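Q: Just start.cif, nothing more (mmCIF, N, CA and C atoms and all ligand atoms):
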```
data_upload
#
loop_
_atom_site.label_atom_id
_atom_site.label_comp_id
_atom_site.auth_asym_id
_atom_site.auth_seq_id
_atom_site.Cartn_x
_atom_site.Cartn_y
_atom_site.Cartn_z
N MET G 1 -73.55 108.75 153.42
CA MET G 1 -73.81 109.58 154.58
C MET G 1 -73.81 111.04 154.15
N LYS G 2 -74.97 111.68 154.28
CA LYS G 2 -75.08 113.09 153.90
C LYS G 2 -75.01 113.94 155.16
N LEU G 3 -73.89 114.58 155.39
CA LEU G 3 -73.82 115.40 156.59
C LEU G 3 -73.39 116.82 156.27
N THR G 4 -73.82 117.71 157.11
CA THR G 4 -73.48 119.12 156.96
C THR G 4 -72.34 119.43 157.92
N PRO G 5 -71.18 119.82 157.39
CA PRO G 5 -70.08 120.17 158.29
C PRO G 5 -70.45 121.38 159.16
N ARG G 6 -70.10 121.28 160.43
CA ARG G 6 -70.38 122.37 161.37
C ARG G 6 -69.14 123.25 161.50
N ALA G 7 -69.35 124.50 161.78
CA ALA G 7 -68.24 125.47 161.83
C ALA G 7 -67.06 125.01 162.70
N PRO G 8 -67.30 124.53 163.94
CA PRO G 8 -66.14 124.11 164.76
C PRO G 8 -65.42 122.89 164.16
N GLU G 9 -66.16 122.05 163.45
CA GLU G 9 -65.55 120.88 162.80
C GLU G 9 -64.64 121.33 161.67
N VAL G 10 -65.14 122.28 160.87
CA VAL G 10 -64.33 122.82 159.78
C VAL G 10 -63.08 123.48 160.34
N LYS G 11 -63.26 124.21 161.43
CA LYS G 11 -62.14 124.91 162.07
C LYS G 11 -61.05 123.91 162.51
N ALA G 12 -61.46 122.78 163.07
CA ALA G 12 -60.50 121.77 163.54
C ALA G 12 -59.67 121.21 162.38
N ILE G 13 -60.31 121.01 161.24
CA ILE G 13 -59.59 120.49 160.07
C ILE G 13 -58.68 121.56 159.47
N VAL G 14 -59.17 122.77 159.41
CA VAL G 14 -58.35 123.88 158.88
C VAL G 14 -57.09 124.05 159.73
N GLU G 15 -57.23 123.87 161.04
CA GLU G 15 -56.06 123.98 161.93
C GLU G 15 -54.99 122.97 161.55
N ILE G 16 -55.40 121.77 161.21
CA ILE G 16 -54.44 120.73 160.79
C ILE G 16 -53.82 121.12 159.45
N LEU G 17 -54.66 121.54 158.52
CA LEU G 17 -54.18 121.86 157.17
C LEU G 17 -53.22 123.05 157.16
N GLN G 18 -53.37 123.94 158.12
CA GLN G 18 -52.50 125.12 158.18
C GLN G 18 -51.32 124.94 159.13
N SER G 19 -51.25 123.77 159.75
CA SER G 19 -50.20 123.52 160.73
C SER G 19 -48.87 123.18 160.05
N ASP G 20 -47.78 123.50 160.72
CA ASP G 20 -46.45 123.12 160.23
C ASP G 20 -45.94 121.88 160.97
N ASP G 21 -46.82 121.21 161.70
CA ASP G 21 -46.42 120.08 162.54
C ASP G 21 -46.21 118.77 161.78
N TYR G 22 -46.53 118.73 160.50
CA TYR G 22 -46.49 117.46 159.78
C TYR G 22 -45.37 117.46 158.75
N GLU G 23 -44.54 116.39 158.80
CA GLU G 23 -43.36 116.28 157.94
C GLU G 23 -43.73 115.98 156.48
N THR G 24 -44.78 115.17 156.31
CA THR G 24 -45.14 114.72 154.96
C THR G 24 -46.64 114.91 154.74
N PRO G 25 -47.05 114.96 153.46
CA PRO G 25 -48.50 115.02 153.16
C PRO G 25 -49.23 113.81 153.74
N GLU G 26 -48.55 112.64 153.77
CA GLU G 26 -49.18 111.44 154.32
C GLU G 26 -49.46 111.60 155.81
N ALA G 27 -48.51 112.17 156.54
CA ALA G 27 -48.70 112.39 157.98
C ALA G 27 -49.86 113.35 158.23
N MET G 28 -49.96 114.39 157.39
CA MET G 28 -51.07 115.34 157.53
C MET G 28 -52.39 114.65 157.19
N ALA G 29 -52.39 113.84 156.15
CA ALA G 29 -53.61 113.13 155.76
C ALA G 29 -54.08 112.21 156.89
N LYS G 30 -53.14 111.52 157.54
CA LYS G 30 -53.50 110.65 158.66
C LYS G 30 -54.12 111.46 159.80
N ALA G 31 -53.54 112.62 160.08
CA ALA G 31 -54.07 113.48 161.14
C ALA G 31 -55.49 113.94 160.80
N VAL G 32 -55.72 114.28 159.53
CA VAL G 32 -57.05 114.72 159.10
C VAL G 32 -58.06 113.59 159.26
N ILE G 33 -57.67 112.39 158.83
CA ILE G 33 -58.58 111.23 158.93
C ILE G 33 -58.92 110.93 160.40
N LYS G 34 -57.91 110.96 161.27
CA LYS G 34 -58.16 110.71 162.69
C LYS G 34 -59.06 111.78 163.30
N GLU G 35 -58.84 113.03 162.88
CA GLU G 35 -59.65 114.13 163.39
C GLU G 35 -61.11 113.98 162.94
N VAL G 36 -61.29 113.66 161.68
CA VAL G 36 -62.65 113.48 161.15
C VAL G 36 -63.35 112.33 161.88
N ALA G 37 -62.61 111.24 162.12
CA ALA G 37 -63.20 110.09 162.83
C ALA G 37 -63.65 110.52 164.23
N GLU G 38 -62.82 111.30 164.90
CA GLU G 38 -63.20 111.75 166.25
C GLU G 38 -64.39 112.70 166.20
N ILE G 39 -64.38 113.59 165.22
CA ILE G 39 -65.50 114.53 165.05
C ILE G 39 -66.81 113.76 164.88
N LEU G 40 -66.78 112.76 164.02
CA LEU G 40 -68.00 112.01 163.75
C LEU G 40 -68.40 111.16 164.96
N ALA G 41 -67.42 110.63 165.69
CA ALA G 41 -67.72 109.84 166.89
C ALA G 41 -68.36 110.69 167.98
N MET G 42 -68.10 112.00 167.95
CA MET G 42 -68.64 112.88 168.98
C MET G 42 -69.96 113.54 168.57
N ARG G 43 -70.45 113.24 167.40
CA ARG G 43 -71.77 113.78 167.02
C ARG G 43 -72.85 113.15 167.89
N GLU G 44 -73.87 113.94 168.23
CA GLU G 44 -74.87 113.51 169.19
C GLU G 44 -75.84 112.48 168.63
N THR G 45 -76.20 112.61 167.36
CA THR G 45 -77.27 111.77 166.84
C THR G 45 -76.94 111.18 165.48
N TRP G 46 -77.05 109.89 165.40
CA TRP G 46 -76.94 109.15 164.14
C TRP G 46 -78.15 108.26 164.03
N TYR G 47 -78.35 107.73 162.83
CA TYR G 47 -79.47 106.82 162.61
C TYR G 47 -78.97 105.55 161.93
N ALA G 48 -79.61 104.44 162.23
CA ALA G 48 -79.28 103.17 161.58
C ALA G 48 -80.55 102.54 161.05
N LEU G 49 -80.41 101.84 159.95
CA LEU G 49 -81.51 101.05 159.41
C LEU G 49 -81.29 99.63 159.90
N VAL G 50 -82.17 99.19 160.78
CA VAL G 50 -82.01 97.88 161.40
C VAL G 50 -82.95 96.89 160.72
N ILE G 51 -82.35 95.90 160.08
CA ILE G 51 -83.13 94.88 159.38
C ILE G 51 -83.39 93.73 160.34
N LYS G 52 -84.63 93.37 160.53
CA LYS G 52 -84.96 92.25 161.41
C LYS G 52 -84.73 90.95 160.66
N GLY G 53 -84.09 90.01 161.32
CA GLY G 53 -83.83 88.75 160.64
C GLY G 53 -82.79 87.92 161.37
N GLY G 54 -82.64 88.15 162.66
CA GLY G 54 -81.72 87.35 163.45
C GLY G 54 -80.27 87.76 163.26
N ALA G 55 -79.39 86.86 163.66
CA ALA G 55 -77.95 87.17 163.69
C ALA G 55 -77.36 87.37 162.30
N LYS G 56 -78.00 86.85 161.28
CA LYS G 56 -77.46 86.97 159.94
C LYS G 56 -77.84 88.28 159.25
N ALA G 57 -78.76 89.01 159.84
CA ALA G 57 -79.19 90.27 159.24
C ALA G 57 -78.09 91.32 159.35
N VAL G 58 -77.93 92.10 158.31
CA VAL G 58 -76.94 93.18 158.31
C VAL G 58 -77.68 94.50 158.46
N ASN G 59 -77.23 95.31 159.41
CA ASN G 59 -77.82 96.62 159.61
C ASN G 59 -76.98 97.65 158.87
N PHE G 60 -77.60 98.76 158.53
CA PHE G 60 -76.89 99.78 157.75
C PHE G 60 -76.88 101.11 158.47
N GLY G 61 -75.77 101.79 158.38
CA GLY G 61 -75.63 103.10 158.98
C GLY G 61 -74.16 103.38 159.27
N PRO G 62 -73.83 104.49 159.83
CA PRO G 62 -74.78 105.49 160.30
C PRO G 62 -75.24 106.43 159.19
N TYR G 63 -76.43 106.96 159.38
CA TYR G 63 -76.96 108.02 158.54
C TYR G 63 -77.01 109.28 159.39
N ALA G 64 -76.80 110.41 158.73
CA ALA G 64 -76.64 111.66 159.48
C ALA G 64 -77.96 112.30 159.89
N SER G 65 -79.04 111.94 159.22
CA SER G 65 -80.31 112.60 159.58
C SER G 65 -81.47 111.62 159.49
N ASP G 66 -82.52 112.00 160.15
CA ASP G 66 -83.77 111.26 160.12
C ASP G 66 -84.28 111.18 158.67
N ALA G 67 -84.18 112.29 157.96
CA ALA G 67 -84.66 112.33 156.57
C ALA G 67 -83.87 111.36 155.69
N GLU G 68 -82.55 111.31 155.90
CA GLU G 68 -81.71 110.44 155.08
C GLU G 68 -82.05 108.97 155.32
N VAL G 69 -82.18 108.57 156.57
CA VAL G 69 -82.46 107.15 156.84
C VAL G 69 -83.87 106.78 156.37
N LYS G 70 -84.81 107.71 156.46
CA LYS G 70 -86.17 107.43 155.99
C LYS G 70 -86.20 107.27 154.47
N GLN G 71 -85.34 108.02 153.79
CA GLN G 71 -85.23 107.92 152.34
C GLN G 71 -84.73 106.51 151.96
N VAL G 72 -83.71 106.04 152.68
CA VAL G 72 -83.17 104.71 152.43
C VAL G 72 -84.21 103.65 152.79
N ALA G 73 -84.89 103.85 153.91
CA ALA G 73 -85.92 102.89 154.35
C ALA G 73 -87.02 102.75 153.30
N ALA G 74 -87.39 103.87 152.68
CA ALA G 74 -88.43 103.82 151.64
C ALA G 74 -87.97 102.98 150.46
N LYS G 75 -86.68 103.06 150.15
CA LYS G 75 -86.14 102.28 149.02
C LYS G 75 -86.12 100.79 149.30
N VAL G 76 -85.86 100.39 150.56
CA VAL G 76 -85.78 98.96 150.87
C VAL G 76 -87.12 98.39 151.34
N ALA G 77 -88.12 99.24 151.43
CA ALA G 77 -89.41 98.81 151.99
C ALA G 77 -89.92 97.53 151.35
N GLY G 78 -89.73 97.38 150.04
CA GLY G 78 -90.21 96.18 149.37
C GLY G 78 -89.24 95.02 149.46
N ALA G 79 -87.96 95.33 149.61
CA ALA G 79 -86.92 94.30 149.57
C ALA G 79 -86.65 93.64 150.92
N ALA G 80 -86.65 94.44 151.98
CA ALA G 80 -86.37 93.90 153.31
C ALA G 80 -87.67 93.43 153.95
N PRO G 81 -87.65 92.24 154.55
CA PRO G 81 -88.88 91.71 155.15
C PRO G 81 -89.41 92.61 156.27
N GLU G 82 -88.55 92.97 157.17
CA GLU G 82 -88.97 93.83 158.29
C GLU G 82 -87.79 94.66 158.74
N PHE G 83 -88.01 95.90 159.03
CA PHE G 83 -86.92 96.75 159.48
C PHE G 83 -87.48 97.86 160.37
N HIS G 84 -86.59 98.48 161.11
CA HIS G 84 -86.96 99.70 161.82
C HIS G 84 -85.77 100.64 161.87
N ILE G 85 -86.03 101.87 162.26
CA ILE G 85 -84.99 102.89 162.31
C ILE G 85 -84.58 103.08 163.77
N ALA G 86 -83.28 103.04 164.01
CA ALA G 86 -82.77 103.23 165.37
C ALA G 86 -81.99 104.54 165.45
N ARG G 87 -82.19 105.24 166.53
CA ARG G 87 -81.44 106.45 166.80
C ARG G 87 -80.25 106.07 167.67
N MET G 88 -79.08 106.62 167.42
CA MET G 88 -77.93 106.28 168.26
C MET G 88 -76.99 107.47 168.39
N GLY G 89 -76.24 107.47 169.48
CA GLY G 89 -75.24 108.51 169.69
C GLY G 89 -73.93 108.09 169.07
N GLY G 90 -73.05 109.04 168.83
CA GLY G 90 -71.73 108.75 168.29
C GLY G 90 -70.96 107.80 169.21
N SER G 91 -70.06 107.03 168.63
CA SER G 91 -69.36 105.99 169.39
C SER G 91 -68.46 106.54 170.49
N GLY G 92 -68.07 107.80 170.41
CA GLY G 92 -67.21 108.38 171.44
C GLY G 92 -67.97 109.12 172.52
N LEU G 93 -69.27 109.27 172.30
CA LEU G 93 -70.06 110.15 173.17
C LEU G 93 -70.26 109.64 174.59
N LEU G 94 -70.53 108.35 174.74
CA LEU G 94 -70.82 107.81 176.07
C LEU G 94 -69.60 107.93 176.98
N ALA G 95 -68.45 107.51 176.47
CA ALA G 95 -67.23 107.61 177.27
C ALA G 95 -66.93 109.07 177.61
N ALA G 96 -67.14 109.95 176.64
CA ALA G 96 -66.86 111.37 176.88
C ALA G 96 -67.79 111.93 177.95
N ARG G 97 -69.05 111.50 177.95
CA ARG G 97 -70.00 111.99 178.94
C ARG G 97 -69.62 111.53 180.34
N LEU G 98 -69.09 110.33 180.43
CA LEU G 98 -68.74 109.79 181.75
C LEU G 98 -67.37 110.26 182.23
N GLU G 99 -66.45 110.36 181.32
CA GLU G 99 -65.08 110.68 181.69
C GLU G 99 -64.72 112.14 181.52
N GLY G 100 -65.53 112.87 180.77
CA GLY G 100 -65.25 114.27 180.51
C GLY G 100 -64.59 114.45 179.16
N TYR G 101 -64.79 115.63 178.58
CA TYR G 101 -64.27 115.88 177.25
C TYR G 101 -64.10 117.38 177.10
N ASN G 102 -62.88 117.79 176.94
CA ASN G 102 -62.64 119.24 176.88
C ASN G 102 -61.78 119.61 175.69
N LYS G 103 -61.69 118.74 174.72
CA LYS G 103 -60.81 119.01 173.60
C LYS G 103 -61.33 120.15 172.73
N ARG G 104 -62.63 120.19 172.56
CA ARG G 104 -63.23 121.22 171.71
C ARG G 104 -64.50 121.76 172.34
N LYS G 105 -65.00 122.82 171.78
CA LYS G 105 -66.14 123.50 172.38
C LYS G 105 -67.49 123.13 171.77
N TRP G 106 -67.52 122.31 170.72
CA TRP G 106 -68.78 122.15 169.99
C TRP G 106 -69.71 121.10 170.56
N THR G 107 -69.30 120.39 171.61
CA THR G 107 -70.09 119.25 172.02
C THR G 107 -70.80 119.42 173.35
N ASN G 108 -70.99 120.64 173.80
CA ASN G 108 -71.74 120.88 175.03
C ASN G 108 -71.13 120.27 176.28
N PHE G 109 -69.83 120.36 176.38
CA PHE G 109 -69.17 119.90 177.60
C PHE G 109 -68.72 121.11 178.41
N CYS G 110 -68.82 120.97 179.73
CA CYS G 110 -68.46 122.06 180.64
C CYS G 110 -66.97 122.38 180.53
N ALA G 111 -66.65 123.65 180.35
CA ALA G 111 -65.26 124.06 180.21
C ALA G 111 -64.50 123.93 181.53
N THR G 112 -65.24 123.89 182.65
CA THR G 112 -64.60 123.80 183.96
C THR G 112 -64.29 122.34 184.35
N CYS G 113 -65.29 121.47 184.29
CA CYS G 113 -65.08 120.09 184.77
C CYS G 113 -65.01 119.08 183.63
N THR G 114 -65.30 119.48 182.41
CA THR G 114 -65.26 118.67 181.18
C THR G 114 -66.41 117.67 181.05
N HIS G 115 -67.30 117.58 182.05
CA HIS G 115 -68.46 116.70 181.92
C HIS G 115 -69.52 117.38 181.06
N ALA G 116 -70.49 116.60 180.57
CA ALA G 116 -71.55 117.16 179.75
C ALA G 116 -72.32 118.22 180.53
N LYS G 117 -72.64 119.32 179.85
CA LYS G 117 -73.36 120.41 180.52
C LYS G 117 -74.70 119.95 181.08
N ASP G 118 -75.37 119.05 180.37
CA ASP G 118 -76.69 118.62 180.85
C ASP G 118 -76.62 117.67 182.04
N LEU G 119 -75.41 117.33 182.48
CA LEU G 119 -75.28 116.54 183.71
C LEU G 119 -75.21 117.44 184.94
N HIS G 120 -75.22 118.75 184.72
CA HIS G 120 -75.26 119.67 185.84
C HIS G 120 -76.70 119.77 186.33
N LEU G 121 -76.91 119.51 187.59
CA LEU G 121 -78.25 119.41 188.15
C LEU G 121 -79.00 120.73 188.07
N THR G 122 -80.32 120.60 188.05
CA THR G 122 -81.12 121.81 187.85
C THR G 122 -82.14 122.08 188.95
N ASP G 123 -82.18 121.25 190.02
CA ASP G 123 -83.16 121.58 191.05
C ASP G 123 -82.68 121.30 192.47
N GLY G 124 -83.43 121.82 193.41
CA GLY G 124 -83.17 121.59 194.83
C GLY G 124 -81.85 122.19 195.30
N ASN G 125 -81.34 121.63 196.39
CA ASN G 125 -80.11 122.14 196.98
C ASN G 125 -78.89 121.87 196.11
N SER G 126 -79.06 120.93 195.18
CA SER G 126 -77.94 120.56 194.31
C SER G 126 -77.85 121.45 193.07
N ARG G 127 -78.74 122.42 192.96
CA ARG G 127 -78.83 123.23 191.76
C ARG G 127 -77.46 123.66 191.22
N ALA G 128 -77.28 123.39 189.94
CA ALA G 128 -76.10 123.80 189.17
C ALA G 128 -74.86 122.97 189.43
N ARG G 129 -74.90 122.11 190.44
CA ARG G 129 -73.72 121.27 190.67
C ARG G 129 -73.68 120.12 189.67
N CYS G 130 -72.49 119.73 189.31
CA CYS G 130 -72.33 118.61 188.39
C CYS G 130 -72.79 117.33 189.07
N ALA G 131 -73.53 116.49 188.34
CA ALA G 131 -74.08 115.25 188.89
C ALA G 131 -73.02 114.17 189.06
N LEU G 132 -71.83 114.38 188.53
CA LEU G 132 -70.81 113.34 188.60
C LEU G 132 -69.86 113.51 189.78
N GLU G 133 -70.32 114.19 190.81
CA GLU G 133 -69.58 114.32 192.06
C GLU G 133 -68.20 114.95 191.90
N CYS G 134 -68.08 115.85 190.96
CA CYS G 134 -66.80 116.54 190.82
C CYS G 134 -66.85 117.91 191.49
N SER G 135 -68.00 118.28 192.05
CA SER G 135 -68.20 119.54 192.77
C SER G 135 -68.17 120.78 191.88
N CYS G 136 -68.19 120.59 190.59
CA CYS G 136 -68.17 121.73 189.69
C CYS G 136 -69.46 122.54 189.83
N GLN G 137 -69.34 123.85 189.94
CA GLN G 137 -70.52 124.70 190.04
C GLN G 137 -70.50 125.76 188.94
N ALA G 138 -70.02 125.37 187.77
CA ALA G 138 -69.86 126.30 186.67
C ALA G 138 -71.15 127.01 186.27
N TYR G 139 -72.29 126.37 186.49
CA TYR G 139 -73.58 126.96 186.04
C TYR G 139 -74.41 127.45 187.22
N LYS G 140 -73.74 127.71 188.35
CA LYS G 140 -74.42 128.17 189.56
C LYS G 140 -75.26 129.40 189.29
N ASP G 141 -74.75 130.32 188.48
CA ASP G 141 -75.48 131.56 188.22
C ASP G 141 -76.28 131.51 186.91
N GLY G 142 -76.62 130.32 186.52
CA GLY G 142 -77.47 130.17 185.35
C GLY G 142 -76.74 130.16 184.02
N GLY G 143 -75.41 130.13 184.06
CA GLY G 143 -74.65 130.14 182.81
C GLY G 143 -74.77 128.83 182.17
ZN ZN G 201 -68.33 117.59 186.43
ZN ZN G 202 -68.89 121.49 185.20
#
```
Would you put the structure from the file into structure tokens?
A:
Amino acid sequence: MKLTPRAPEVKAIVEILQSDDYETPEAMAKAVIKEVAEILAMRETWYALVIKGGAKAVNFGPYASDAEVKQVAAKVAGAAPEFHIARMGGSGLLAARLEGYNKRKWTNFCATCTHAKDLHLTDGNSRARCALECSCQAYKDGG
């Protein structure tokens, strides 16, 4: 998986590394691993190489970019009978969009209601209100 660390992601790990909250290096390492897992689960777009072949077929991924998965697909083009590339969201993203997520600022969630910013309506009388019936009007003035 070739991924480019994003500034807020690096910041979250640096906060752990500079914290005095951990008794042992092992405890800090566990915190770093859990943080990285959550960071990756909250990424918007991943790719998978899906091999067609019924229940016994093994799919591969996630890959961090379209270019990366296409590179792998080119390599297996002769070996795999049939395959396609699937786009997918991080494993934590769907729950976060429905339930709200305010732990960090990098994932486009409303700081007021914690729902995804793009769930705030954009037309008619409902303009700027959150679509999840929380009455949030954080983007009423176009913010
Ligand atoms: Zn909301
Ligand atoms: Zn909101």
Q: One decimal, in Å: what's the spacing between CA of Lys30 in chain G and CA of Gly61 in chain G?
A: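 Those two atoms sit 23.4 Å apart.
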Q: Each residue of chain G with at least one atom at most 8 Å from ligand ZN 202 (chain G) should appear once, together with its nearest atom pair and the corresponding distance in Å (one decimal); atoms considered: only N, CA and C atoms and all ligand atoms; ordering: chain, then increasing residue number; output as CSV.
A:
```
residue,atom,partner,partner_atom,distance
G:Phe109,C,G:ZN202,ZN,6.8
G:Cys110,CA,G:ZN202,ZN,4.6
G:Ala111,N,G:ZN202,ZN,5.8
G:Thr112,C,G:ZN202,ZN,4.8
G:Cys113,N,G:ZN202,ZN,3.7
G:Thr114,N,G:ZN202,ZN,5.0
G:His115,N,G:ZN202,ZN,5.3
G:Ala116,C,G:ZN202,ZN,6.7
G:Lys117,CA,G:ZN202,ZN,6.6
G:Leu119,C,G:ZN202,ZN,7.5
G:His120,CA,G:ZN202,ZN,6.7
G:Ala128,C,G:ZN202,ZN,7.5
G:Arg129,C,G:ZN202,ZN,6.7
G:Cys130,CA,G:ZN202,ZN,5.5
G:Ala131,N,G:ZN202,ZN,7.5
G:Cys134,C,G:ZN202,ZN,7.5
G:Ser135,C,G:ZN202,ZN,6.8
G:Cys136,CA,G:ZN202,ZN,4.6
G:Gln137,N,G:ZN202,ZN,5.3
G:Ala138,N,G:ZN202,ZN,4.8
G:Tyr139,N,G:ZN202,ZN,6.1
```
Q: What parts of chain G does DSSP call alpha helix (DSSP H)? I'd like the answer as a tab-separated table (two decimals) with N, CA and C atoms, in the frame of the given file.
A:
```tsv
chain	number	residue	atom	x	y	z
G	7	ALA	N	-69.35	124.50	161.78
G	7	ALA	CA	-68.24	125.47	161.83
G	7	ALA	C	-67.06	125.01	162.70
G	8	PRO	N	-67.30	124.53	163.94
G	8	PRO	CA	-66.14	124.11	164.76
G	8	PRO	C	-65.42	122.89	164.16
G	9	GLU	N	-66.16	122.05	163.45
G	9	GLU	CA	-65.55	120.88	162.80
G	9	GLU	C	-64.64	121.33	161.67
G	10	VAL	N	-65.14	122.28	160.87
G	10	VAL	CA	-64.33	122.82	159.78
G	10	VAL	C	-63.08	123.48	160.34
G	11	LYS	N	-63.26	124.21	161.43
G	11	LYS	CA	-62.14	124.91	162.07
G	11	LYS	C	-61.05	123.91	162.51
G	12	ALA	N	-61.46	122.78	163.07
G	12	ALA	CA	-60.50	121.77	163.54
G	12	ALA	C	-59.67	121.21	162.38
G	13	ILE	N	-60.31	121.01	161.24
G	13	ILE	CA	-59.59	120.49	160.07
G	13	ILE	C	-58.68	121.56	159.47
G	14	VAL	N	-59.17	122.77	159.41
G	14	VAL	CA	-58.35	123.88	158.88
G	14	VAL	C	-57.09	124.05	159.73
G	15	GLU	N	-57.23	123.87	161.04
G	15	GLU	CA	-56.06	123.98	161.93
G	15	GLU	C	-54.99	122.97	161.55
G	16	ILE	N	-55.40	121.77	161.21
G	16	ILE	CA	-54.44	120.73	160.79
G	16	ILE	C	-53.82	121.12	159.45
G	17	LEU	N	-54.66	121.54	158.52
G	17	LEU	CA	-54.18	121.86	157.17
G	17	LEU	C	-53.22	123.05	157.16
G	25	PRO	N	-47.05	114.96	153.46
G	25	PRO	CA	-48.50	115.02	153.16
G	25	PRO	C	-49.23	113.81	153.74
G	26	GLU	N	-48.55	112.64	153.77
G	26	GLU	CA	-49.18	111.44	154.32
G	26	GLU	C	-49.46	111.60	155.81
G	27	ALA	N	-48.51	112.17	156.54
G	27	ALA	CA	-48.70	112.39	157.98
G	27	ALA	C	-49.86	113.35	158.23
G	28	MET	N	-49.96	114.39	157.39
G	28	MET	CA	-51.07	115.34	157.53
G	28	MET	C	-52.39	114.65	157.19
G	29	ALA	N	-52.39	113.84	156.15
G	29	ALA	CA	-53.61	113.13	155.76
G	29	ALA	C	-54.08	112.21	156.89
G	30	LYS	N	-53.14	111.52	157.54
G	30	LYS	CA	-53.50	110.65	158.66
G	30	LYS	C	-54.12	111.46	159.80
G	31	ALA	N	-53.54	112.62	160.08
G	31	ALA	CA	-54.07	113.48	161.14
G	31	ALA	C	-55.49	113.94	160.80
G	32	VAL	N	-55.72	114.28	159.53
G	32	VAL	CA	-57.05	114.72	159.10
G	32	VAL	C	-58.06	113.59	159.26
G	33	ILE	N	-57.67	112.39	158.83
G	33	ILE	CA	-58.58	111.23	158.93
G	33	ILE	C	-58.92	110.93	160.40
G	34	LYS	N	-57.91	110.96	161.27
G	34	LYS	CA	-58.16	110.71	162.69
G	34	LYS	C	-59.06	111.78	163.30
G	35	GLU	N	-58.84	113.03	162.88
G	35	GLU	CA	-59.65	114.13	163.39
G	35	GLU	C	-61.11	113.98	162.94
G	36	VAL	N	-61.29	113.66	161.68
G	36	VAL	CA	-62.65	113.48	161.15
G	36	VAL	C	-63.35	112.33	161.88
G	37	ALA	N	-62.61	111.24	162.12
G	37	ALA	CA	-63.20	110.09	162.83
G	37	ALA	C	-63.65	110.52	164.23
G	38	GLU	N	-62.82	111.30	164.90
G	38	GLU	CA	-63.20	111.75	166.25
G	38	GLU	C	-64.39	112.70	166.20
G	39	ILE	N	-64.38	113.59	165.22
G	39	ILE	CA	-65.50	114.53	165.05
G	39	ILE	C	-66.81	113.76	164.88
G	40	LEU	N	-66.78	112.76	164.02
G	40	LEU	CA	-68.00	112.01	163.75
G	40	LEU	C	-68.40	111.16	164.96
G	41	ALA	N	-67.42	110.63	165.69
G	41	ALA	CA	-67.72	109.84	166.89
G	41	ALA	C	-68.36	110.69	167.98
G	66	ASP	N	-82.52	112.00	160.15
G	66	ASP	CA	-83.77	111.26	160.12
G	66	ASP	C	-84.28	111.18	158.67
G	67	ALA	N	-84.18	112.29	157.96
G	67	ALA	CA	-84.66	112.33	156.57
G	67	ALA	C	-83.87	111.36	155.69
G	68	GLU	N	-82.55	111.31	155.90
G	68	GLU	CA	-81.71	110.44	155.08
G	68	GLU	C	-82.05	108.97	155.32
G	69	VAL	N	-82.18	108.57	156.57
G	69	VAL	CA	-82.46	107.15	156.84
G	69	VAL	C	-83.87	106.78	156.37
G	70	LYS	N	-84.81	107.71	156.46
G	70	LYS	CA	-86.17	107.43	155.99
G	70	LYS	C	-86.20	107.27	154.47
G	71	GLN	N	-85.34	108.02	153.79
G	71	GLN	CA	-85.23	107.92	152.34
G	71	GLN	C	-84.73	106.51	151.96
G	72	VAL	N	-83.71	106.04	152.68
G	72	VAL	CA	-83.17	104.71	152.43
G	72	VAL	C	-84.21	103.65	152.79
G	73	ALA	N	-84.89	103.85	153.91
G	73	ALA	CA	-85.92	102.89	154.35
G	73	ALA	C	-87.02	102.75	153.30
G	74	ALA	N	-87.39	103.87	152.68
G	74	ALA	CA	-88.43	103.82	151.64
G	74	ALA	C	-87.97	102.98	150.46
G	75	LYS	N	-86.68	103.06	150.15
G	75	LYS	CA	-86.14	102.28	149.02
G	75	LYS	C	-86.12	100.79	149.30
G	76	VAL	N	-85.86	100.39	150.56
G	76	VAL	CA	-85.78	98.96	150.87
G	76	VAL	C	-87.12	98.39	151.34
G	93	LEU	N	-69.27	109.27	172.30
G	93	LEU	CA	-70.06	110.15	173.17
G	93	LEU	C	-70.26	109.64	174.59
G	94	LEU	N	-70.53	108.35	174.74
G	94	LEU	CA	-70.82	107.81	176.07
G	94	LEU	C	-69.60	107.93	176.98
G	95	ALA	N	-68.45	107.51	176.47
G	95	ALA	CA	-67.23	107.61	177.27
G	95	ALA	C	-66.93	109.07	177.61
G	96	ALA	N	-67.14	109.95	176.64
G	96	ALA	CA	-66.86	111.37	176.88
G	96	ALA	C	-67.79	111.93	177.95
G	97	ARG	N	-69.05	111.50	177.95
G	97	ARG	CA	-70.00	111.99	178.94
G	97	ARG	C	-69.62	111.53	180.34
G	98	LEU	N	-69.09	110.33	180.43
G	98	LEU	CA	-68.74	109.79	181.75
G	98	LEU	C	-67.37	110.26	182.23
G	99	GLU	N	-66.45	110.36	181.32
G	99	GLU	CA	-65.08	110.68	181.69
G	99	GLU	C	-64.72	112.14	181.52
```
Q: Quick one, how far is CA of Val36 in chain G from CA of Glu15 in chain G?
A: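 Rounded to one decimal, the two atoms are 12.4 Å apart.
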Q: Identify the residues around (-67.5, 110.3, 166.4) within a radius of 8 Å, measuring from only C-alpha atoms in the coordinates stated by the file, and give them as JSON, numbers by chain.
A: {"G": [36, 37, 38, 39, 40, 41, 42, 43, 90, 91, 92, 93]}
Q: Please extract the residues of chain G with a backbone DSSP assignment of strand (DSSP E or B) and present them as a ChimeraX atom specification.
A: /G:46-51,60-63,83-88,109,116,120,130
Q: Which of these, G:Glu23, G:Glu133, G:Glu68, G:Asp118, has the shortest distance to ligand ZN 201 (chain G) once you count all atoms listed in the file?
A: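 Nearest to ligand ZN 201 (chain G): G:Glu133.
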Q: So how many Å separate CA of Arg87 in chain G and atom N of Ala7 in chain G, to one decimal?
A: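 Pair CA of Arg87 in chain G / atom N of Ala7 in chain G returns 22.3 Å.
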Q: Let me make sure I understand: among G:Leu132, G:Pro5, G:Pro81, G:Leu121, which one has the smallest atom-to-atom distance to ligand ZN 201 (chain G) if we use only N, CA and C atoms and all ligand atoms?
A: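 Closest to ligand ZN 201 (chain G) of all the choices is G:Leu132.
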Q: Which residue out of G:His84, G:Val76, G:Glu44, G:Ser19 has the minimum interatomic distance to Asn108 in chain G when only C-alpha atoms are used?
A: G:Glu44
Q: Which residues are close to Tyr63 in chain G, i.e. within 7 Å by only C-alpha atoms, leaving aside same-chain residues fewer than 3 positions away? Reply as a PyMOL selection string.
A: chain G and resi 1+46-48+68-69
